[in-house]
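Working notes, structure below.
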There are 4 protein chains.
Amino acid sequence: MTIRDEGVEQAARQKAARPKRADAQRNEQALLDAAAAVFVRSGVEAPVRDIAAEAGVGMGTIYRHFPTRADLVVAVYRHQVEACAEAGPVLLAQADSPHAALGQWINLFVDFLVTKHGLAAVLQPGGGFDALHSYFLDRLVPVCARLLSAAIDAGEIRADIDALELMYGIGNLCVGAGNDPRYDARRMVGLLIAGLRQSRPA
Amino acid sequence: MTIRDEGVEQAARQKAARPKRADAQRNEQALLDAAAAVFVRSGVEAPVRDIAAEAGVGMGTIYRHFPTRADLVVAVYRHQVEACAEAGPVLLAQADSPHAALGQWINLFVDFLVTKHGLAAVLQPGGGFDALHSYFLDRLVPVCARLLSAAIDAGEIRADIDALELMYGIGNLCVGAGNDPRYDARRMVGLLIAGLRQSRPA
Amino acid sequence: MTIRDEGVEQAARQKAARPKRADAQRNEQALLDAAAAVFVRSGVEAPVRDIAAEAGVGMGTIYRHFPTRADLVVAVYRHQVEACAEAGPVLLAQADSPHAALGQWINLFVDFLVTKHGLAAVLQPGGGFDALHSYFLDRLVPVCARLLSAAIDAGEIRADIDALELMYGIGNLCVGAGNDPRYDARRMVGLLIAGLRQSRPA
Amino acid sequence: MTIRDEGVEQAARQKAARPKRADAQRNEQALLDAAAAVFVRSGVEAPVRDIAAEAGVGMGTIYRHFPTRADLVVAVYRHQVEACAEAGPVLLAQADSPHAALGQWINLFVDFLVTKHGLAAVLQPGGGFDALHSYFLDRLVPVCARLLSAAIDAGEIRADIDALELMYGIGNLCVGAGNDPRYDARRMVGLLIAGLRQSRPA
DNA sequence: AATGAATGAGACTTCATTCAT
DNA sequence: TATGAATGAAGTCTCATTCAT
């Protein structure tokens, strides 16, 4: 089942017998795509009109599908957050060591974040996207915590690391540096993870 | 010479022979203080009116002293950037080791950033504050680079670290996590710096 | 013949030889009932969507049956206007005196108006419901005029009262006072009718 | 002291030492005049933009002077409400009888209402102008009550009349009939007042 | 030089109406 | 025929910036 299929199935579950009209489905997807593109370009605070134009629909259509801006933002990122969350246990089972699994999972997370420039603002609490913020944390922090625990239990990393804080740190490193190619979020995150291996705090 | 004096002197330098009226000087300083306070509270995109109110002046006065928002933002942070830049060589000369000097200098930088909540946005290129962005980098990256070189030459840290990138990384870690007290930027930066000591990338 | 039957018959008359499909008939009646309910709740300017939802039909169905809002409003109130109009002659024939008949008929009219909160706006000319406005007046003013004449001829009331004006006055008194229970439209209308008995204007 | 003078003096009292700029005063008055005109034409729900255009000012100017629509509506009618309220005791002292004073005062009230077509909507509770509604009632009902009491005490009218209800009734009669010249609110109110003299309810 | 009133572009949101399904 | 998704005009309100005083 693809990510898209999952979304369709879920919609079907929510309203049982009423399948969405084909054009409405197309519009919803067009909106998600358009919003993702505009968020990258102008951030999640981009004018609603811009998103509508990008999707080729009227403004009212956005409000029909996503009554609040947060609804739209959540929808845009939900699939990827889910996929990331679900990858945690899988990696832990497959990798050579807990620390390797942690590193691979964090790479997944970073991959997600660095391609979503507008996301950084969303991850800051207090910006009116608290529901979204909570969703991200609720879903991902436990996954990270489990990976951390395993690595700690294996004696591979320091024991004084908090998953929430680490997620924030990684998220911040992925805020990036505009389009400055000299900044590589992945490399910086690598440095952070390397720091975890230290036997004592610096 | 105090930081305040320096600012005034510089303003004088810009417009050569015309000494500012005493009340104009007072207003300019009041504006800098007010803007700094408002930036912390509401970010650098805070309404001009709020800054004017905080300073107790009319809005026109802001535009007279700082024609663009970037002018104001630069002015607000210039002093502290200067102080931070000048501390680099001093610390290098005084500290026990280049790595220790680097750590101390980065602590200074972090201290600066974490108390300036609105600053994070400013350090992102493309936000209309490019002049400010350049100023920060032009002034601080060389200082950081010199400290890094010294530590590398002393064999204390990895040799593949770029000063610009490190500054971005630290800046990002200082973006914070809203007011979530569970996130400690200093601890995360510590982790990053610890990572520098690793002999190989993670 | 019931009021409901009459409405259906009339609809059939309008489109001569084409009998309406049973479901279309059901929809039309559901719409009339729903609109009446919504008009009471939210006035005749209530969103079309609310009426459609109340009736359990799509919005397009409303536009099919009642191309303009006025068409719907007229249809909603037509039955009751008819019933009121037809009661006039009956009351005149049955009551003890013309003045008594007038009072009873006005009571009928008031009963009608006070339970139709949204109606007041409709009775104002210029609100885009002029056709409806005309219908009300065309149908009811002659009835009222006949009752007035009879009472005047019997020497029971002043002779300088115009039926149209009186209808407007009564309609206005029935506008009410929001939900303020201290206002009783019937009592005020009673005062107005009492004023009719005066031998001279106040 | 004219009504206008009073307004100016009051403004001066409110903010002590800060006299309003001459142009601001002009604008405020222009807005009141424009709003009054537009209210007559289009009702108190008229678009803000229309009022601004009528006054020849920007929309923001309206919001500066009158943050909410209710503020504007209250301001538009305040002077006249005040004048009407203050006339009550004067008329009572001067007229030949309490009933005559009542009639004269009601004439004043009617004069006020019939030239303010948009006002009717405002006097209905629940329309979002409750503060204004309250203001009207708080100010005028006691005046009316005193006139009624005097007339009742003099044995000139029925004793079972409530001032609030009477005000509502008069207000409703003044709602008018669009521009239909055949309806004369004053005549209808006269009928109502005549009804008061009846010894028993009709 | 300082003030803050005025401006008006721009963002948001609602809802009557149309039209693809 | 019925549906309700889509449209976009129209209205509200905010705030950066200008400019009369």
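Letters A, B, ... go to the chains of the structure tokens in the order shown; residues in each chain start at 1; ligands are counted from 1 in the same order.
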
Within 12 Å of chain F, which residues of chain B show up when using only C-alpha atoms (C1' of nucleotides), listed as a short mmCIF file (atom, residue, chain, number, x, y, z; two decimals) with N, CA and C atoms, in the first residue's frame?
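The file below, result-v4.cif, is the result:
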```cif
data_model
loop_
_atom_site.label_atom_id
_atom_site.label_comp_id
_atom_site.auth_asym_id
_atom_site.auth_seq_id
_atom_site.Cartn_x
_atom_site.Cartn_y
_atom_site.Cartn_z
N GLU B 45 9.96 40.95 13.35
CA GLU B 45 8.89 41.39 12.46
C GLU B 45 7.80 42.14 13.23
N ALA B 46 8.12 42.49 14.46
CA ALA B 46 7.12 43.16 15.29
C ALA B 46 6.64 44.46 14.63
N PRO B 47 5.38 44.81 14.84
CA PRO B 47 4.85 46.06 14.27
C PRO B 47 5.68 47.27 14.67
N VAL B 48 5.91 48.12 13.70
CA VAL B 48 6.67 49.34 13.97
C VAL B 48 6.04 50.13 15.10
N ARG B 49 4.73 50.11 15.12
CA ARG B 49 4.03 50.89 16.14
C ARG B 49 4.40 50.44 17.55
N ASP B 50 4.57 49.13 17.69
CA ASP B 50 4.92 48.61 19.02
C ASP B 50 6.27 49.15 19.47
N MET B 59 6.03 57.22 15.35
CA MET B 59 6.53 56.28 14.35
C MET B 59 7.45 56.95 13.35
N GLY B 60 7.14 58.19 13.04
CA GLY B 60 7.97 58.90 12.09
C GLY B 60 9.42 58.97 12.54
N ILE B 62 11.10 56.73 14.08
CA ILE B 62 11.81 55.52 13.72
C ILE B 62 12.29 55.59 12.28
N TYR B 63 11.40 56.04 11.42
CA TYR B 63 11.76 56.09 10.00
C TYR B 63 12.84 57.13 9.73
N ARG B 64 12.87 58.15 10.54
CA ARG B 64 13.93 59.14 10.36
C ARG B 64 15.29 58.53 10.70
N PRO B 67 15.72 54.17 8.27
CA PRO B 67 14.78 54.18 7.14
C PRO B 67 14.21 52.81 6.82
N THR B 68 14.99 51.76 6.98
CA THR B 68 14.44 50.42 6.73
C THR B 68 14.50 49.61 8.02
N ARG B 69 13.70 48.59 8.03
CA ARG B 69 13.70 47.75 9.22
C ARG B 69 15.06 47.11 9.43
#
```

- segment 131-142 of chain C environment, 12 Å, only C-alpha atoms (C1' of nucleotides), sequence neighbours closer than 5 positions dropped, as a count of residues only: 51

- Enter the distance from atom C1' of DT18 of chain E to atom CA of Ala24 of chain C, in Å, rounded to one decimal.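 Result for atom C1' of DT18 of chain E versus atom CA of Ala24 of chain C: 20.7 Å, one decimal.
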
Same-sequence overlay, chain B on chain C, C-alpha least squares, as an mmCIF file with C-alpha atoms, in the first residue's frame:
```
data_model
loop_
_atom_site.group_PDB
_atom_site.id
_atom_site.type_symbol
_atom_site.label_atom_id
_atom_site.label_comp_id
_atom_site.auth_asym_id
_atom_site.auth_seq_id
_atom_site.Cartn_x
_atom_site.Cartn_y
_atom_site.Cartn_z
ATOM 1 C CA MET B 1 -58.869 21.402 0.488
ATOM 2 C CA THR B 2 -55.959 21.807 2.816
ATOM 3 C CA ILE B 3 -53.393 24.500 2.622
ATOM 4 C CA ARG B 4 -50.833 21.976 1.561
ATOM 5 C CA ASP B 5 -53.008 20.659 -1.255
ATOM 6 C CA GLU B 6 -53.587 24.125 -2.470
ATOM 7 C CA GLY B 7 -49.906 24.776 -2.766
ATOM 8 C CA VAL B 8 -49.318 21.672 -4.758
ATOM 9 C CA GLU B 9 -52.236 22.377 -7.005
ATOM 10 C CA GLN B 10 -50.978 25.831 -7.671
ATOM 11 C CA ALA B 11 -47.544 24.565 -8.548
ATOM 12 C CA ALA B 12 -49.211 22.231 -10.967
ATOM 13 C CA ARG B 13 -51.163 25.065 -12.482
ATOM 14 C CA GLN B 14 -48.026 26.993 -13.164
ATOM 15 C CA LYS B 15 -46.507 24.329 -15.340
ATOM 16 C CA ALA B 16 -49.742 23.069 -16.829
ATOM 17 C CA ALA B 17 -49.608 19.498 -18.002
ATOM 18 C CA ARG B 18 -46.369 18.261 -16.476
ATOM 19 C CA PRO B 19 -47.041 16.461 -13.220
ATOM 20 C CA LYS B 20 -44.143 16.666 -10.861
ATOM 21 C CA ARG B 21 -42.237 13.596 -9.919
ATOM 22 C CA ALA B 22 -43.124 12.347 -6.482
ATOM 23 C CA ASP B 23 -39.646 12.968 -5.100
ATOM 24 C CA ALA B 24 -39.615 16.465 -6.502
ATOM 25 C CA GLN B 25 -42.884 17.167 -4.721
ATOM 26 C CA ARG B 26 -41.481 15.842 -1.505
ATOM 27 C CA ASN B 27 -38.402 17.994 -1.887
ATOM 28 C CA GLU B 28 -40.393 21.106 -2.549
ATOM 29 C CA GLN B 29 -42.443 20.614 0.564
ATOM 30 C CA ALA B 30 -39.388 19.775 2.632
ATOM 31 C CA LEU B 31 -37.800 22.954 1.412
ATOM 32 C CA LEU B 32 -40.803 25.064 2.336
ATOM 33 C CA ASP B 33 -40.867 23.598 5.814
ATOM 34 C CA ALA B 34 -37.139 23.940 6.241
ATOM 35 C CA ALA B 35 -37.087 27.497 4.971
ATOM 36 C CA ALA B 36 -39.899 28.493 7.287
ATOM 37 C CA ALA B 37 -37.986 27.085 10.228
ATOM 38 C CA VAL B 38 -34.719 28.718 9.252
ATOM 39 C CA PHE B 39 -36.396 32.035 8.533
ATOM 40 C CA VAL B 40 -37.707 32.075 12.084
ATOM 41 C CA ARG B 41 -34.303 31.209 13.425
ATOM 42 C CA SER B 42 -32.070 33.385 11.280
ATOM 43 C CA GLY B 43 -34.260 35.659 9.201
ATOM 44 C CA VAL B 44 -34.989 35.534 5.493
ATOM 45 C CA GLU B 45 -31.372 36.382 4.699
ATOM 46 C CA ALA B 46 -30.199 33.100 6.158
ATOM 47 C CA PRO B 47 -27.488 31.293 4.173
ATOM 48 C CA VAL B 48 -28.853 29.072 1.464
ATOM 49 C CA ARG B 49 -26.690 26.297 2.778
ATOM 50 C CA ASP B 50 -28.474 26.357 6.107
ATOM 51 C CA ILE B 51 -31.835 25.918 4.455
ATOM 52 C CA ALA B 52 -30.553 23.094 2.308
ATOM 53 C CA ALA B 53 -29.107 21.383 5.353
ATOM 54 C CA GLU B 54 -32.330 21.798 7.310
ATOM 55 C CA ALA B 55 -34.253 20.254 4.422
ATOM 56 C CA GLY B 56 -31.704 17.524 3.940
ATOM 57 C CA VAL B 57 -31.217 18.326 0.261
ATOM 58 C CA GLY B 58 -28.399 19.737 -1.806
ATOM 59 C CA MET B 59 -28.150 23.407 -2.510
ATOM 60 C CA GLY B 60 -28.732 22.888 -6.183
ATOM 61 C CA THR B 61 -32.151 21.543 -5.367
ATOM 62 C CA ILE B 62 -33.164 24.825 -3.838
ATOM 63 C CA TYR B 63 -32.139 26.686 -6.952
ATOM 64 C CA ARG B 64 -34.029 24.262 -9.115
ATOM 65 C CA HIS B 65 -37.272 24.746 -7.228
ATOM 66 C CA PHE B 66 -36.870 28.388 -6.303
ATOM 67 C CA PRO B 67 -34.530 30.203 -8.656
ATOM 68 C CA THR B 68 -34.458 33.353 -6.550
ATOM 69 C CA ARG B 69 -34.609 33.835 -2.854
ATOM 70 C CA ALA B 70 -37.784 35.832 -3.273
ATOM 71 C CA ASP B 71 -39.452 32.870 -4.942
ATOM 72 C CA LEU B 72 -38.744 30.801 -1.898
ATOM 73 C CA VAL B 73 -39.858 33.431 0.552
ATOM 74 C CA VAL B 74 -43.093 34.016 -1.323
ATOM 75 C CA ALA B 75 -43.792 30.330 -1.461
ATOM 76 C CA VAL B 76 -43.132 29.934 2.235
ATOM 77 C CA TYR B 77 -45.669 32.545 3.233
ATOM 78 C CA ARG B 78 -48.221 32.231 0.475
ATOM 79 C CA HIS B 79 -50.431 29.681 2.178
ATOM 80 C CA GLN B 80 -50.791 31.658 5.311
ATOM 81 C CA VAL B 81 -51.441 34.876 3.504
ATOM 82 C CA GLU B 82 -54.196 33.166 1.573
ATOM 83 C CA ALA B 83 -55.768 31.755 4.685
ATOM 84 C CA CYS B 84 -55.683 35.121 6.334
ATOM 85 C CA ALA B 85 -57.192 36.853 3.342
ATOM 86 C CA GLU B 86 -60.008 34.359 3.091
ATOM 87 C CA ALA B 87 -60.848 34.705 6.755
ATOM 88 C CA GLY B 88 -61.838 38.360 6.367
ATOM 89 C CA PRO B 89 -65.253 37.951 4.763
ATOM 90 C CA VAL B 90 -66.032 34.986 6.941
ATOM 91 C CA LEU B 91 -65.381 36.915 10.115
ATOM 92 C CA LEU B 92 -67.355 39.870 8.882
ATOM 93 C CA ALA B 93 -70.335 37.647 8.310
ATOM 94 C CA GLN B 94 -70.086 35.915 11.654
ATOM 95 C CA ALA B 95 -69.008 38.558 14.149
ATOM 96 C CA ASP B 96 -71.294 40.611 16.332
ATOM 97 C CA SER B 97 -70.169 43.847 14.787
ATOM 98 C CA PRO B 98 -67.838 45.108 12.071
ATOM 99 C CA HIS B 99 -65.470 46.416 14.712
ATOM 100 C CA ALA B 100 -65.382 43.056 16.415
ATOM 101 C CA ALA B 101 -64.711 41.385 13.073
ATOM 102 C CA LEU B 102 -61.896 43.829 12.421
ATOM 103 C CA GLY B 103 -60.368 43.077 15.816
ATOM 104 C CA GLN B 104 -60.592 39.347 15.255
ATOM 105 C CA TRP B 105 -59.115 39.573 11.803
ATOM 106 C CA ILE B 106 -56.245 41.701 12.991
ATOM 107 C CA ASN B 107 -55.599 39.164 15.687
ATOM 108 C CA LEU B 108 -55.261 36.549 12.992
ATOM 109 C CA PHE B 109 -52.855 38.724 11.096
ATOM 110 C CA VAL B 110 -50.806 39.400 14.193
ATOM 111 C CA ASP B 111 -50.713 35.725 15.035
ATOM 112 C CA PHE B 112 -49.292 35.120 11.624
ATOM 113 C CA LEU B 113 -46.665 37.829 11.859
ATOM 114 C CA VAL B 114 -45.410 37.318 15.366
ATOM 115 C CA THR B 115 -44.477 33.731 14.703
ATOM 116 C CA LYS B 116 -42.531 34.692 11.609
ATOM 117 C CA HIS B 117 -39.615 36.650 12.930
ATOM 118 C CA GLY B 118 -37.914 36.877 9.581
ATOM 119 C CA LEU B 119 -40.990 38.275 7.915
ATOM 120 C CA ALA B 120 -40.626 41.826 9.056
ATOM 121 C CA ALA B 121 -37.675 42.489 6.803
ATOM 122 C CA VAL B 122 -39.597 41.064 3.904
ATOM 123 C CA LEU B 123 -42.454 43.471 4.304
ATOM 124 C CA GLN B 124 -40.146 46.436 3.819
ATOM 125 C CA PRO B 125 -40.113 47.552 0.223
ATOM 126 C CA GLY B 126 -36.731 47.995 -1.373
ATOM 127 C CA GLY B 127 -35.155 44.963 0.220
ATOM 128 C CA GLY B 128 -35.176 42.967 -2.968
ATOM 129 C CA PHE B 129 -38.414 41.301 -2.067
ATOM 130 C CA ASP B 130 -40.692 43.726 -3.783
ATOM 131 C CA ALA B 131 -42.638 41.021 -5.523
ATOM 132 C CA LEU B 132 -43.372 39.449 -2.194
ATOM 133 C CA HIS B 133 -44.151 42.781 -0.688
ATOM 134 C CA SER B 134 -46.649 43.473 -3.439
ATOM 135 C CA TYR B 135 -48.207 40.097 -3.041
ATOM 136 C CA PHE B 136 -48.808 40.638 0.622
ATOM 137 C CA LEU B 137 -50.344 44.021 0.097
ATOM 138 C CA ASP B 138 -52.388 43.130 -2.945
ATOM 139 C CA ARG B 139 -53.920 40.233 -1.154
ATOM 140 C CA LEU B 140 -54.476 41.602 2.318
ATOM 141 C CA VAL B 141 -55.098 45.321 1.973
ATOM 142 C CA PRO B 142 -58.423 44.907 0.204
ATOM 143 C CA VAL B 143 -59.578 42.541 2.889
ATOM 144 C CA CYS B 144 -58.612 44.975 5.570
ATOM 145 C CA ALA B 145 -60.172 47.827 3.660
ATOM 146 C CA ARG B 146 -63.491 46.045 3.508
ATOM 147 C CA LEU B 147 -63.474 45.425 7.231
ATOM 148 C CA LEU B 148 -62.561 49.022 7.907
ATOM 149 C CA SER B 149 -65.308 50.311 5.657
ATOM 150 C CA ALA B 150 -67.862 48.207 7.394
ATOM 151 C CA ALA B 151 -66.755 49.500 10.788
ATOM 152 C CA ILE B 152 -66.736 53.055 9.545
ATOM 153 C CA ASP B 153 -70.164 52.661 8.001
ATOM 154 C CA ALA B 154 -71.386 51.345 11.321
ATOM 155 C CA GLY B 155 -69.989 54.455 12.977
ATOM 156 C CA GLU B 156 -67.718 52.445 15.189
ATOM 157 C CA ILE B 157 -64.381 53.958 14.262
ATOM 158 C CA ARG B 158 -62.835 57.022 12.803
ATOM 159 C CA ALA B 159 -63.330 57.495 9.097
ATOM 160 C CA ASP B 160 -59.875 58.728 8.252
ATOM 161 C CA ILE B 161 -58.015 55.459 8.450
ATOM 162 C CA ASP B 162 -56.321 53.992 5.436
ATOM 163 C CA ALA B 163 -56.149 50.221 5.221
ATOM 164 C CA LEU B 164 -52.717 50.145 3.665
ATOM 165 C CA GLU B 165 -51.299 52.359 6.330
ATOM 166 C CA LEU B 166 -52.937 50.369 9.090
ATOM 167 C CA MET B 167 -51.487 47.164 7.732
ATOM 168 C CA TYR B 168 -48.042 48.675 7.663
ATOM 169 C CA GLY B 169 -48.493 49.901 11.206
ATOM 170 C CA ILE B 170 -49.572 46.533 12.490
ATOM 171 C CA GLY B 171 -46.793 44.837 10.598
ATOM 172 C CA ASN B 172 -44.290 47.169 12.161
ATOM 173 C CA LEU B 173 -45.594 46.604 15.656
ATOM 174 C CA CYS B 174 -45.112 42.907 15.054
ATOM 175 C CA VAL B 175 -41.438 43.379 14.258
ATOM 176 C CA GLY B 176 -41.031 42.789 17.947
ATOM 177 C CA ALA B 177 -38.162 43.544 20.250
ATOM 178 C CA GLY B 178 -35.685 40.781 19.735
ATOM 179 C CA ASN B 179 -36.565 38.256 22.353
ATOM 180 C CA ASP B 180 -37.347 40.796 24.978
ATOM 181 C CA PRO B 181 -40.385 39.288 26.719
ATOM 182 C CA ARG B 182 -41.433 42.665 28.029
ATOM 183 C CA TYR B 183 -42.637 43.589 24.577
ATOM 184 C CA ASP B 184 -46.007 42.164 23.582
ATOM 185 C CA ALA B 185 -46.869 42.962 19.992
ATOM 186 C CA ARG B 186 -50.451 41.967 20.571
ATOM 187 C CA ARG B 187 -50.841 44.471 23.374
ATOM 188 C CA MET B 188 -49.383 47.225 21.267
ATOM 189 C CA VAL B 189 -51.665 46.396 18.368
ATOM 190 C CA GLY B 190 -54.520 46.450 20.819
ATOM 191 C CA LEU B 191 -53.548 49.962 21.762
ATOM 192 C CA LEU B 192 -53.471 50.937 18.106
ATOM 193 C CA ILE B 193 -56.915 49.504 17.480
ATOM 194 C CA ALA B 194 -58.208 51.220 20.573
ATOM 195 C CA GLY B 195 -56.941 54.433 19.078
ATOM 196 C CA LEU B 196 -59.139 53.855 16.083
ATOM 197 C CA ARG B 197 -62.222 54.306 18.223
ATOM 198 C CA GLN B 198 -61.290 57.798 19.223
ATOM 199 C CA SER B 199 -63.540 60.335 17.672
ATOM 200 C CA ARG B 200 -60.647 62.682 16.904
ATOM 201 C CA PRO B 201 -56.957 62.171 16.224
ATOM 202 C CA ALA B 202 -54.772 62.620 19.268
#
```

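Every chain E residue lying within 9 Å of chain A, based on only C-alpha atoms (C1' of nucleotides), is listed here: E:DA11, E:DC12, E:DT13, E:DT14, E:DA20, E:DT21.
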
Export of the given selection (C-alpha atoms (C1' of nucleotides)) as a PDB file, in the first residue's frame:
```
ATOM      1  C1'  DA E  11      -4.602  39.280   3.936  1.00  0.00           C
ATOM      2  C1'  DC E  12      -8.556  36.733   5.700  1.00  0.00           C
ATOM      3  C1'  DT E  13     -13.113  34.801   5.403  1.00  0.00           C
ATOM      4  C1'  DT E  14     -18.034  34.106   3.983  1.00  0.00           C
ATOM      5  C1'  DA E  20     -19.342  19.004 -13.212  1.00  0.00           C
ATOM      6  C1'  DT E  21     -20.593  14.608 -11.725  1.00  0.00           C
TER       7       DT E  21
END
```

- Message: When DSSP is applied to the backbone of this structure, which of chain C are assigned alpha helix (DSSP H)? Write them out as JSON, numbers by chain.
- Response: {"C": [3, 4, 5, 6, 7, 8, 9, 10, 11, 12, 13, 14, 22, 23, 24, 25, 26, 27, 28, 29, 30, 31, 32, 33, 34, 35, 36, 37, 38, 39, 40, 41, 42, 48, 49, 50, 51, 52, 53, 54, 55, 59, 60, 61, 62, 63, 64, 65, 69, 70, 71, 72, 73, 74, 75, 76, 77, 78, 79, 80, 81, 82, 83, 84, 85, 86, 87, 88, 89, 90, 91, 92, 93, 94, 98, 99, 100, 101, 102, 103, 104, 105, 106, 107, 108, 109, 110, 111, 112, 113, 114, 119, 120, 121, 122, 123, 130, 131, 132, 133, 134, 135, 136, 137, 138, 139, 140, 141, 142, 143, 144, 145, 146, 147, 148, 149, 150, 151, 152, 153, 163, 164, 165, 166, 167, 168, 169, 170, 171, 172, 173, 185, 186, 187, 188, 189, 190, 191, 192, 193, 194, 195, 196]}
